[in-house]
>>> print(open('target21.txt').read())   # compact mmCIF, C-alpha atoms
# COMPACT_ATOMS: atom_id res chain seq x y z
CA MET A 1 -5.98 14.29 -24.15
CA GLU A 2 -3.44 11.75 -25.41
CA LEU A 3 -1.27 9.31 -23.46
CA ARG A 4 1.81 11.02 -24.88
CA GLU A 5 0.65 14.35 -23.44
CA LEU A 6 0.07 12.75 -20.05
CA ARG A 7 3.58 11.29 -20.07
CA TYR A 8 5.03 14.69 -20.98
CA PHE A 9 2.96 16.37 -18.26
CA LEU A 10 4.19 13.91 -15.62
CA ALA A 11 7.80 14.52 -16.67
CA VAL A 12 7.37 18.29 -16.22
CA ALA A 13 5.62 17.77 -12.88
CA ARG A 14 8.40 15.47 -11.70
CA GLU A 15 11.32 17.65 -12.85
CA GLU A 16 9.62 20.97 -11.92
CA ASN A 17 11.39 22.46 -14.90
CA ILE A 18 10.45 22.52 -18.61
CA SER A 19 14.03 22.47 -19.87
CA LYS A 20 15.05 19.47 -17.72
CA ALA A 21 11.89 17.57 -18.69
CA ALA A 22 12.48 18.30 -22.40
CA GLU A 23 16.04 17.04 -22.12
CA LEU A 24 14.91 13.78 -20.51
CA LEU A 25 12.15 13.34 -23.12
CA PHE A 26 14.55 14.09 -26.01
CA ILE A 27 12.32 16.83 -27.43
CA ALA A 28 12.82 20.55 -27.95
CA GLN A 29 11.94 22.79 -25.03
CA PRO A 30 9.66 25.12 -27.12
CA SER A 31 7.76 22.08 -28.40
CA LEU A 32 7.19 20.79 -24.85
CA SER A 33 6.10 24.23 -23.63
CA ARG A 34 3.62 24.50 -26.51
CA GLN A 35 2.16 21.06 -25.78
CA MET A 36 1.71 21.90 -22.09
CA GLN A 37 -0.05 25.15 -23.07
CA ASN A 38 -2.34 23.20 -25.41
CA LEU A 39 -3.10 20.75 -22.61
CA GLU A 40 -4.08 23.64 -20.34
CA LYS A 41 -6.34 25.06 -23.07
CA GLU A 42 -7.99 21.66 -23.55
CA ILE A 43 -8.64 21.31 -19.81
CA GLY A 44 -9.65 24.95 -19.43
CA LYS A 45 -7.57 25.51 -16.31
CA PRO A 46 -3.93 26.37 -15.58
CA LEU A 47 -1.89 23.34 -14.52
CA PHE A 48 1.35 25.09 -13.55
CA VAL A 49 2.44 28.03 -11.47
CA ARG A 50 5.26 29.46 -13.56
CA GLY A 51 7.85 31.60 -11.86
CA GLY A 52 11.60 31.61 -11.56
CA LYS A 53 13.46 28.40 -12.29
CA LYS A 54 10.94 26.11 -10.55
CA ILE A 55 7.50 25.11 -11.81
CA THR A 56 4.87 23.99 -9.30
CA LEU A 57 1.43 22.49 -9.84
CA THR A 58 -1.88 24.24 -9.34
CA GLU A 59 -4.73 22.43 -7.61
CA ALA A 60 -5.92 21.21 -11.03
CA GLY A 61 -2.37 20.12 -11.82
CA VAL A 62 -2.12 18.05 -8.66
CA LEU A 63 -5.39 16.29 -9.54
CA LEU A 64 -4.27 15.64 -13.12
CA ARG A 65 -0.95 14.21 -11.91
CA LYS A 66 -2.79 11.70 -9.70
CA ARG A 67 -5.19 10.69 -12.48
CA ALA A 68 -2.46 10.58 -15.14
CA GLU A 69 -0.40 8.19 -13.01
CA GLU A 70 -3.46 5.95 -12.60
CA ILE A 71 -4.37 6.08 -16.31
CA LEU A 72 -0.85 5.23 -17.49
CA SER A 73 -0.48 2.46 -14.92
CA LEU A 74 -3.76 0.88 -16.04
CA TYR A 75 -2.82 1.28 -19.72
CA GLU A 76 0.55 -0.43 -19.22
CA LYS A 77 -1.07 -3.21 -17.20
CA THR A 78 -3.68 -3.80 -19.94
CA GLU A 79 -1.05 -3.69 -22.71
CA ALA A 80 1.08 -6.28 -20.93
CA GLU A 81 -1.92 -8.57 -20.47
CA LEU A 82 -2.95 -8.36 -24.14
CA LEU A 83 0.58 -8.95 -25.41
CA SER A 84 1.21 -12.06 -23.32
CA ALA A 85 1.18 -15.17 -25.53
CA GLU A 86 -1.43 -17.82 -24.75
CA GLU A 87 0.90 -20.73 -25.46
CA ASN A 88 3.64 -19.35 -23.24
CA ILE A 89 1.81 -17.77 -20.34
CA GLY A 90 3.63 -14.75 -18.97
CA GLY A 91 2.92 -11.39 -17.47
CA THR A 92 2.76 -9.69 -14.12
CA VAL A 93 0.37 -10.26 -11.23
CA LEU A 94 -0.03 -7.08 -9.18
CA ILE A 95 -0.76 -7.52 -5.47
CA GLY A 96 -1.27 -4.77 -2.90
CA CYS A 97 -0.83 -5.61 0.75
CA GLY A 98 -0.27 -4.23 4.19
CA GLU A 99 2.36 -5.51 6.57
CA SER A 100 1.59 -8.98 7.91
CA TYR A 101 3.46 -12.25 8.34
CA THR A 102 0.43 -13.98 6.80
CA ILE A 103 1.73 -12.82 3.40
CA GLU A 104 3.80 -16.04 3.61
CA THR A 105 0.70 -17.91 2.38
CA VAL A 106 0.49 -15.65 -0.68
CA ALA A 107 4.24 -16.05 -1.25
CA LYS A 108 3.89 -19.85 -1.13
CA ALA A 109 1.22 -19.77 -3.85
CA ALA A 110 3.41 -17.43 -5.94
CA LYS A 111 6.36 -19.81 -5.65
CA HIS A 112 4.27 -22.81 -6.75
CA LEU A 113 2.80 -20.93 -9.71
CA GLN A 114 6.16 -19.60 -10.90
CA LYS A 115 7.55 -23.12 -10.82
CA ASP A 116 4.91 -24.14 -13.39
CA HIS A 117 4.98 -20.84 -15.30
CA PRO A 118 8.44 -19.22 -15.02
CA ASP A 119 7.45 -16.27 -17.22
CA ILE A 120 4.90 -15.05 -14.67
CA ARG A 121 6.21 -12.27 -12.43
CA PHE A 122 4.82 -10.69 -9.28
CA ASP A 123 4.72 -7.02 -8.33
CA PHE A 124 4.00 -6.46 -4.63
CA PHE A 125 2.90 -3.00 -3.52
CA SER A 126 2.98 -2.16 0.20
CA GLY A 127 0.48 0.31 1.62
CA ASP A 128 -2.21 0.78 4.21
CA GLY A 129 -5.74 -0.61 3.82
CA VAL A 130 -7.25 2.58 2.38
CA THR A 131 -4.61 2.87 -0.36
CA VAL A 132 -4.80 -0.83 -1.27
CA SER A 133 -8.63 -0.70 -1.42
CA GLU A 134 -8.57 2.36 -3.69
CA MET A 135 -6.05 0.79 -6.07
CA LEU A 136 -8.04 -2.44 -6.14
CA ASP A 137 -11.30 -0.61 -6.85
CA LYS A 138 -9.70 1.36 -9.71
CA GLY A 139 -8.24 -1.77 -11.31
CA LEU A 140 -4.64 -0.68 -10.73
CA ILE A 141 -3.82 -3.98 -9.00
CA ASP A 142 -5.21 -7.49 -9.43
CA PHE A 143 -5.49 -8.46 -5.77
CA GLY A 144 -5.28 -6.87 -2.36
CA VAL A 145 -4.60 -8.27 1.10
CA LEU A 146 -6.86 -6.36 3.49
CA VAL A 147 -6.96 -6.46 7.27
CA LYS A 148 -10.44 -7.03 8.65
CA PRO A 149 -12.64 -5.25 9.54
CA ALA A 150 -12.00 -3.71 6.12
CA ASP A 151 -14.90 -2.65 3.90
CA LEU A 152 -15.19 -5.67 1.58
CA SER A 153 -18.57 -4.78 0.08
CA LYS A 154 -17.09 -4.10 -3.39
CA PHE A 155 -14.92 -7.19 -3.44
CA GLU A 156 -14.88 -10.95 -3.60
CA TYR A 157 -12.43 -12.52 -1.18
CA VAL A 158 -11.12 -15.57 0.61
CA LEU A 159 -9.87 -15.48 4.18
CA LEU A 160 -6.24 -16.29 4.86
CA PRO A 161 -5.87 -18.97 7.57
CA GLN A 162 -3.56 -17.14 9.98
CA THR A 163 -4.47 -14.28 12.30
CA ASP A 164 -2.37 -11.33 13.35
CA THR A 165 -1.87 -10.55 17.04
CA TRP A 166 -1.81 -6.99 18.35
CA GLY A 167 0.71 -5.88 20.91
CA VAL A 168 3.30 -3.26 21.82
CA LEU A 169 6.72 -2.90 20.23
CA MET A 170 9.24 -1.45 22.67
CA LYS A 171 12.93 -1.27 23.48
CA LYS A 172 14.29 -4.32 25.29
CA ASP A 173 15.52 -2.20 28.20
CA SER A 174 12.04 -0.78 28.81
CA PRO A 175 10.58 -1.61 32.27
CA LEU A 176 7.41 -2.67 30.47
CA SER A 177 9.32 -5.48 28.72
CA GLU A 178 9.39 -7.39 32.02
CA LYS A 179 5.65 -8.00 31.71
CA PRO A 180 4.38 -10.97 29.63
CA PHE A 181 1.29 -9.04 28.48
CA ILE A 182 0.22 -5.42 28.12
CA SER A 183 -3.07 -4.41 29.74
CA PRO A 184 -5.09 -1.23 29.05
CA GLU A 185 -3.84 0.20 32.35
CA ASP A 186 -0.21 -0.21 31.18
CA LEU A 187 -0.79 2.20 28.30
CA HIS A 188 -1.94 5.06 30.50
CA ASP A 189 0.46 8.04 30.17
CA LEU A 190 2.87 6.11 27.89
CA PRO A 191 4.06 7.97 24.76
CA LEU A 192 2.30 5.89 22.09
CA ILE A 193 2.82 5.48 18.35
CA LEU A 194 -0.41 4.26 16.74
CA SER A 195 -1.37 2.98 13.30
CA LYS A 196 -3.59 5.41 11.36
CA GLN A 197 -5.67 2.50 10.08
CA SER A 198 -6.37 1.12 13.57
CA MET A 199 -7.39 4.60 14.70
CA ARG A 200 -9.84 4.97 11.80
CA LYS A 201 -11.41 1.60 12.60
CA ASN A 202 -11.40 2.17 16.37
CA GLU A 203 -9.78 -1.22 17.01
CA ILE A 204 -7.53 0.02 19.80
CA SER A 205 -10.25 2.28 21.17
CA GLU A 206 -12.65 -0.67 21.53
CA TRP A 207 -9.97 -2.76 23.24
CA TYR A 208 -8.94 0.14 25.49
CA LYS A 209 -12.65 0.84 26.23
CA LYS A 210 -11.95 4.56 26.28
CA ASP A 211 -11.65 7.38 23.77
CA LEU A 212 -8.21 7.43 22.16
CA GLN A 213 -7.98 11.12 23.00
CA SER A 214 -7.33 10.08 26.59
CA LEU A 215 -4.09 8.40 25.45
CA ASN A 216 -0.75 10.15 24.99
CA ILE A 217 -0.36 9.69 21.21
CA VAL A 218 2.97 11.19 20.15
CA ALA A 219 3.02 9.90 16.54
CA THR A 220 1.08 7.88 13.97
CA TYR A 221 2.28 5.59 11.16
CA ASN A 222 1.17 3.74 8.03
CA LEU A 223 3.90 1.08 7.95
CA ILE A 224 5.27 -0.42 11.14
CA TYR A 225 8.85 -0.50 9.86
CA ASN A 226 8.87 3.29 10.16
CA ALA A 227 7.28 3.00 13.60
CA SER A 228 10.05 0.62 14.68
CA LEU A 229 12.65 3.30 13.87
CA LEU A 230 10.73 5.77 16.04
CA VAL A 231 10.73 3.22 18.86
CA LYS A 232 14.49 2.69 18.49
CA SER A 233 15.01 6.45 18.72
CA GLY A 234 13.20 6.45 22.07
CA LEU A 235 10.20 8.46 20.88
CA GLY A 236 7.65 6.03 22.29
CA TYR A 237 5.94 2.63 22.22
CA ALA A 238 4.37 1.38 18.98
CA VAL A 239 1.07 -0.47 19.07
CA GLY A 240 1.00 -2.84 16.10
CA LEU A 241 1.03 -6.40 14.79
CA ASP A 242 3.41 -9.18 15.81
CA LYS A 243 5.98 -11.02 13.64
CA ILE A 244 6.64 -8.15 11.23
CA ILE A 245 9.61 -6.54 12.94
CA ASN A 246 12.46 -8.83 13.95
CA THR A 247 12.81 -8.82 17.74
CA THR A 248 15.17 -11.80 18.06
CA GLY A 249 18.93 -12.02 18.52
CA ASP A 250 20.71 -8.68 18.71
CA SER A 251 17.59 -6.61 18.01
CA GLU A 252 17.11 -3.61 20.29
CA LEU A 253 13.36 -4.25 20.30
CA THR A 254 10.91 -6.67 21.84
CA PHE A 255 7.17 -7.29 21.47
CA ARG A 256 4.51 -7.96 24.11
CA PRO A 257 0.94 -8.98 23.17
CA LEU A 258 -2.13 -7.18 24.44
CA LYS A 259 -4.34 -8.67 27.12
CA PRO A 260 -7.26 -9.20 26.64
CA LYS A 261 -5.98 -10.71 23.40
CA LEU A 262 -6.70 -8.70 20.25
CA GLU A 263 -6.45 -10.46 16.87
CA THR A 264 -7.34 -9.63 13.29
CA SER A 265 -7.86 -11.80 10.24
CA LEU A 266 -6.89 -10.98 6.68
CA ALA A 267 -8.82 -11.23 3.43
CA PHE A 268 -7.29 -11.85 0.02
CA ALA A 269 -9.60 -9.74 -2.14
CA TRP A 270 -10.30 -8.90 -5.78
CA LYS A 271 -12.78 -6.59 -7.46
CA ARG A 272 -16.26 -8.03 -7.97
CA TYR A 273 -16.91 -9.00 -11.63
CA GLN A 274 -13.19 -8.63 -12.32
CA VAL A 275 -11.99 -9.88 -15.72
CA PHE A 276 -8.63 -11.46 -14.91
CA SER A 277 -5.56 -11.76 -17.08
CA LYS A 278 -4.46 -15.37 -17.53
CA PRO A 279 -1.59 -15.04 -14.99
CA ALA A 280 -3.93 -13.50 -12.38
CA GLU A 281 -6.54 -16.22 -12.97
CA LEU A 282 -3.93 -18.95 -12.58
CA PHE A 283 -2.59 -17.33 -9.41
CA LEU A 284 -6.02 -17.15 -7.78
CA ASN A 285 -6.60 -20.83 -8.55
CA LYS A 286 -3.19 -21.70 -7.14
CA LEU A 287 -3.83 -19.72 -3.95
CA LYS A 288 -7.12 -21.55 -3.44
CA GLU A 289 -5.25 -24.85 -3.83
CA VAL A 290 -2.72 -23.77 -1.21
CA LEU A 291 -5.50 -22.69 1.14
>>> encode(input="target21.txt", output="structure tokens")
Amino acid sequence: MELRELRYFLAVAREENISKAAELLFIAQPSLSRQMQNLEKEIGKPLFVRGGKKITLTEAGVLLRKRAEEILSLYEKTEAELLSAEENIGGTVLIGCGESYTIETVAKAAKHLQKDHPDIRFDFFSGDGVTVSEMLDKGLIDFGVLVKPADLSKFEYVLLPQTDTWGVLMKKDSPLSEKPFISPEDLHDLPLILSKQSMRKNEISEWYKKDLQSLNIVATYNLIYNASLLVKSGLGYAVGLDKIINTTGDSELTFRPLKPKLETSLAFAWKRYQVFSKPAELFLNKLKEVL
């Protein structure tokens, strides 16, 4: 299985049509069809469901698409690291992170490093803790910002100094907005929008001191920006972290912290025994200076 074949396969999977993929790849359609057939023979399983004008992926095809994306991403990352000149340090530092205002600390370190090394770039990927951990473990990113209590057993890490405060995001005209804090009793019977990650880690359940099934959960989210749109639409109240969504000025929304207070800390993590590129090594040193 060659990298070229994986790139061709991803083009077909993306376009869902051999002819369109061949046109984008600047190769003949029969040649692309033959290479996809050879790839299926090599794997020993069909990758496509062929029928009509649209091509869909089989179960094996879906798995190969996921792995091919990871393989090509890692290859391109490695190639960029090897090609960067020692005397003129450049390259990209890849950082995965969830939504948190504490990313300001990471941004400060990035700004200081880029001032000294203007050819270093930063690629920030936003995702939930599970996705960031998986990418970090597979070497697809250099660093990850993980909300504790994340599983950090595979990683080295330093703690970021700030903590995130949990609360409820709601419309400003909500009767609940008149309260300075939100107690467990206030959530009873409210239409709630909860973070999938907090549900997996039982953070809200432990604070609520009851099973989450007793709550009226109308929706779940990975990123709170999407949850804020649901709140604006009147779907419900989002339980999440403070200082991510703007609630000042003309915003329709407001935020009230939970009581008893619920806070989380964040870890800036990297894979144990990781061999860093020069830009990633310099960035980690700079972050430790900032901290």
>>> closest_residue(input="target21.txt", among="A:Leu160, A:Ala13, A:Ala68, A:Glu5", to="Met36 in chain A", atoms="all atoms listed in the file")
A:Glu5
>>> closest_residue(input="target21.txt", among="A:Ala267, A:Ile27, A:Leu215, A:Leu72", to="Val147 in chain A", atoms="all atoms listed in the file")
A:Ala267
>>> residues_around(input="target21.txt", residues="range 176-193 of chain A", least_positions_apart="2", cutoff="10 Å", atoms="only C-alpha atoms", output="number ranges by chain")
A: 167-174, 195-196, 204, 207-210, 214-221, 224, 227-228, 230-231, 234-240, 253-261
>>> residues_around(input="target21.txt", residues="Leu146 in chain A", least_positions_apart="5", cutoff="7 Å", atoms="all atoms listed in the file", output="list of chain:residue names")
A:Cys97, A:Gly98, A:Gly129, A:Leu266, A:Ala267, A:Phe268
>>> atom_distance(input="target21.txt", atom1="CA of Met135 in chain A", atom2="CA of Glu70 in chain A")
8.7 Å
>>> atom_distance(input="target21.txt", atom1="CA of Asn226 in chain A", atom2="CA of Ser198 in chain A")
15.8 Å
>>> atom_distance(input="target21.txt", atom1="CA of Ser265 in chain A", atom2="CA of Leu241 in chain A")
11.4 Å
>>> closest_residue(input="target21.txt", among="A:Lys278, A:Lys41, A:Arg50, A:Arg272", to="Phe155 in chain A", atoms="all atoms listed in the file")
A:Arg272
>>> decode(input="target21.txt", residues="range 88-162 of chain A", atoms="C-alpha atoms", output="PDB file, in the first residue's frame")
ATOM      1  CA  ASN A  88      16.844  28.876  10.371  1.00  0.00           C
ATOM      2  CA  ILE A  89      14.416  27.104  12.656  1.00  0.00           C
ATOM      3  CA  GLY A  90      10.975  26.796  11.134  1.00  0.00           C
ATOM      4  CA  GLY A  91       8.067  24.428  11.017  1.00  0.00           C
ATOM      5  CA  THR A  92       4.687  23.908  12.572  1.00  0.00           C
ATOM      6  CA  VAL A  93       3.780  23.105  16.176  1.00  0.00           C
ATOM      7  CA  LEU A  94       0.492  21.201  16.328  1.00  0.00           C
ATOM      8  CA  ILE A  95      -1.633  21.704  19.441  1.00  0.00           C
ATOM      9  CA  GLY A  96      -4.994  20.098  20.202  1.00  0.00           C
ATOM     10  CA  CYS A  97      -7.221  21.715  22.778  1.00  0.00           C
ATOM     11  CA  GLY A  98     -10.711  21.951  24.121  1.00  0.00           C
ATOM     12  CA  GLU A  99     -12.498  25.210  24.766  1.00  0.00           C
ATOM     13  CA  SER A 100     -11.062  27.150  27.701  1.00  0.00           C
ATOM     14  CA  TYR A 101      -9.978  30.716  28.393  1.00  0.00           C
ATOM     15  CA  THR A 102      -6.794  29.265  29.925  1.00  0.00           C
ATOM     16  CA  ILE A 103      -5.524  28.782  26.353  1.00  0.00           C
ATOM     17  CA  GLU A 104      -4.390  32.413  26.760  1.00  0.00           C
ATOM     18  CA  THR A 105      -1.324  31.074  28.597  1.00  0.00           C
ATOM     19  CA  VAL A 106      -0.463  28.836  25.637  1.00  0.00           C
ATOM     20  CA  ALA A 107      -1.060  31.743  23.250  1.00  0.00           C
ATOM     21  CA  LYS A 108       1.309  33.942  25.267  1.00  0.00           C
ATOM     22  CA  ALA A 109       4.094  31.361  24.972  1.00  0.00           C
ATOM     23  CA  ALA A 110       3.411  31.047  21.216  1.00  0.00           C
ATOM     24  CA  LYS A 111       3.674  34.808  20.778  1.00  0.00           C
ATOM     25  CA  HIS A 112       7.014  34.963  22.633  1.00  0.00           C
ATOM     26  CA  LEU A 113       8.461  32.061  20.651  1.00  0.00           C
ATOM     27  CA  GLN A 114       7.360  33.444  17.283  1.00  0.00           C
ATOM     28  CA  LYS A 115       9.003  36.748  18.132  1.00  0.00           C
ATOM     29  CA  ASP A 116      12.350  34.915  18.423  1.00  0.00           C
ATOM     30  CA  HIS A 117      11.654  32.457  15.585  1.00  0.00           C
ATOM     31  CA  PRO A 118       9.294  34.030  13.016  1.00  0.00           C
ATOM     32  CA  ASP A 119       9.378  30.949  10.766  1.00  0.00           C
ATOM     33  CA  ILE A 120       7.662  28.812  13.411  1.00  0.00           C
ATOM     34  CA  ARG A 121       3.912  28.463  12.870  1.00  0.00           C
ATOM     35  CA  PHE A 122       1.161  27.075  15.079  1.00  0.00           C
ATOM     36  CA  ASP A 123      -1.735  24.842  14.092  1.00  0.00           C
ATOM     37  CA  PHE A 124      -4.481  24.712  16.739  1.00  0.00           C
ATOM     38  CA  PHE A 125      -7.031  21.915  16.542  1.00  0.00           C
ATOM     39  CA  SER A 126     -10.231  22.198  18.599  1.00  0.00           C
ATOM     40  CA  GLY A 127     -11.923  19.066  19.889  1.00  0.00           C
ATOM     41  CA  ASP A 128     -13.157  17.311  22.986  1.00  0.00           C
ATOM     42  CA  GLY A 129     -10.843  15.512  25.413  1.00  0.00           C
ATOM     43  CA  VAL A 130     -11.275  12.052  23.879  1.00  0.00           C
ATOM     44  CA  THR A 131     -10.390  13.252  20.366  1.00  0.00           C
ATOM     45  CA  VAL A 132      -7.398  15.294  21.559  1.00  0.00           C
ATOM     46  CA  SER A 133      -6.080  12.355  23.640  1.00  0.00           C
ATOM     47  CA  GLU A 134      -6.368   9.969  20.683  1.00  0.00           C
ATOM     48  CA  MET A 135      -4.553  12.344  18.337  1.00  0.00           C
ATOM     49  CA  LEU A 136      -1.844  12.929  20.931  1.00  0.00           C
ATOM     50  CA  ASP A 137      -1.372   9.200  21.517  1.00  0.00           C
ATOM     51  CA  LYS A 138      -1.084   8.525  17.764  1.00  0.00           C
ATOM     52  CA  GLY A 139       1.489  11.285  17.271  1.00  0.00           C
ATOM     53  CA  LEU A 140      -0.794  13.366  15.054  1.00  0.00           C
ATOM     54  CA  ILE A 141      -0.273  16.441  17.244  1.00  0.00           C
ATOM     55  CA  ASP A 142       2.661  17.579  19.374  1.00  0.00           C
ATOM     56  CA  PHE A 143       0.744  18.752  22.430  1.00  0.00           C
ATOM     57  CA  GLY A 144      -2.738  18.589  23.871  1.00  0.00           C
ATOM     58  CA  VAL A 145      -4.566  20.707  26.430  1.00  0.00           C
ATOM     59  CA  LEU A 146      -6.691  18.314  28.484  1.00  0.00           C
ATOM     60  CA  VAL A 147      -9.292  19.085  31.120  1.00  0.00           C
ATOM     61  CA  LYS A 148      -8.761  17.158  34.339  1.00  0.00           C
ATOM     62  CA  PRO A 149      -9.746  14.576  35.411  1.00  0.00           C
ATOM     63  CA  ALA A 150      -8.472  13.352  32.036  1.00  0.00           C
ATOM     64  CA  ASP A 151      -6.567  10.074  31.759  1.00  0.00           C
ATOM     65  CA  LEU A 152      -2.965  11.315  31.754  1.00  0.00           C
ATOM     66  CA  SER A 153      -1.309   7.935  32.324  1.00  0.00           C
ATOM     67  CA  LYS A 154       0.249   7.873  28.818  1.00  0.00           C
ATOM     68  CA  PHE A 155       1.461  11.450  28.932  1.00  0.00           C
ATOM     69  CA  GLU A 156       3.883  13.860  30.518  1.00  0.00           C
ATOM     70  CA  TYR A 157       2.300  17.176  31.427  1.00  0.00           C
ATOM     71  CA  VAL A 158       2.459  20.474  33.251  1.00  0.00           C
ATOM     72  CA  LEU A 159      -0.561  22.076  34.874  1.00  0.00           C
ATOM     73  CA  LEU A 160      -1.755  25.422  33.575  1.00  0.00           C
ATOM     74  CA  PRO A 161      -2.162  27.971  36.397  1.00  0.00           C
ATOM     75  CA  GLN A 162      -5.780  29.003  35.836  1.00  0.00           C
TER      76      GLN A 162
END
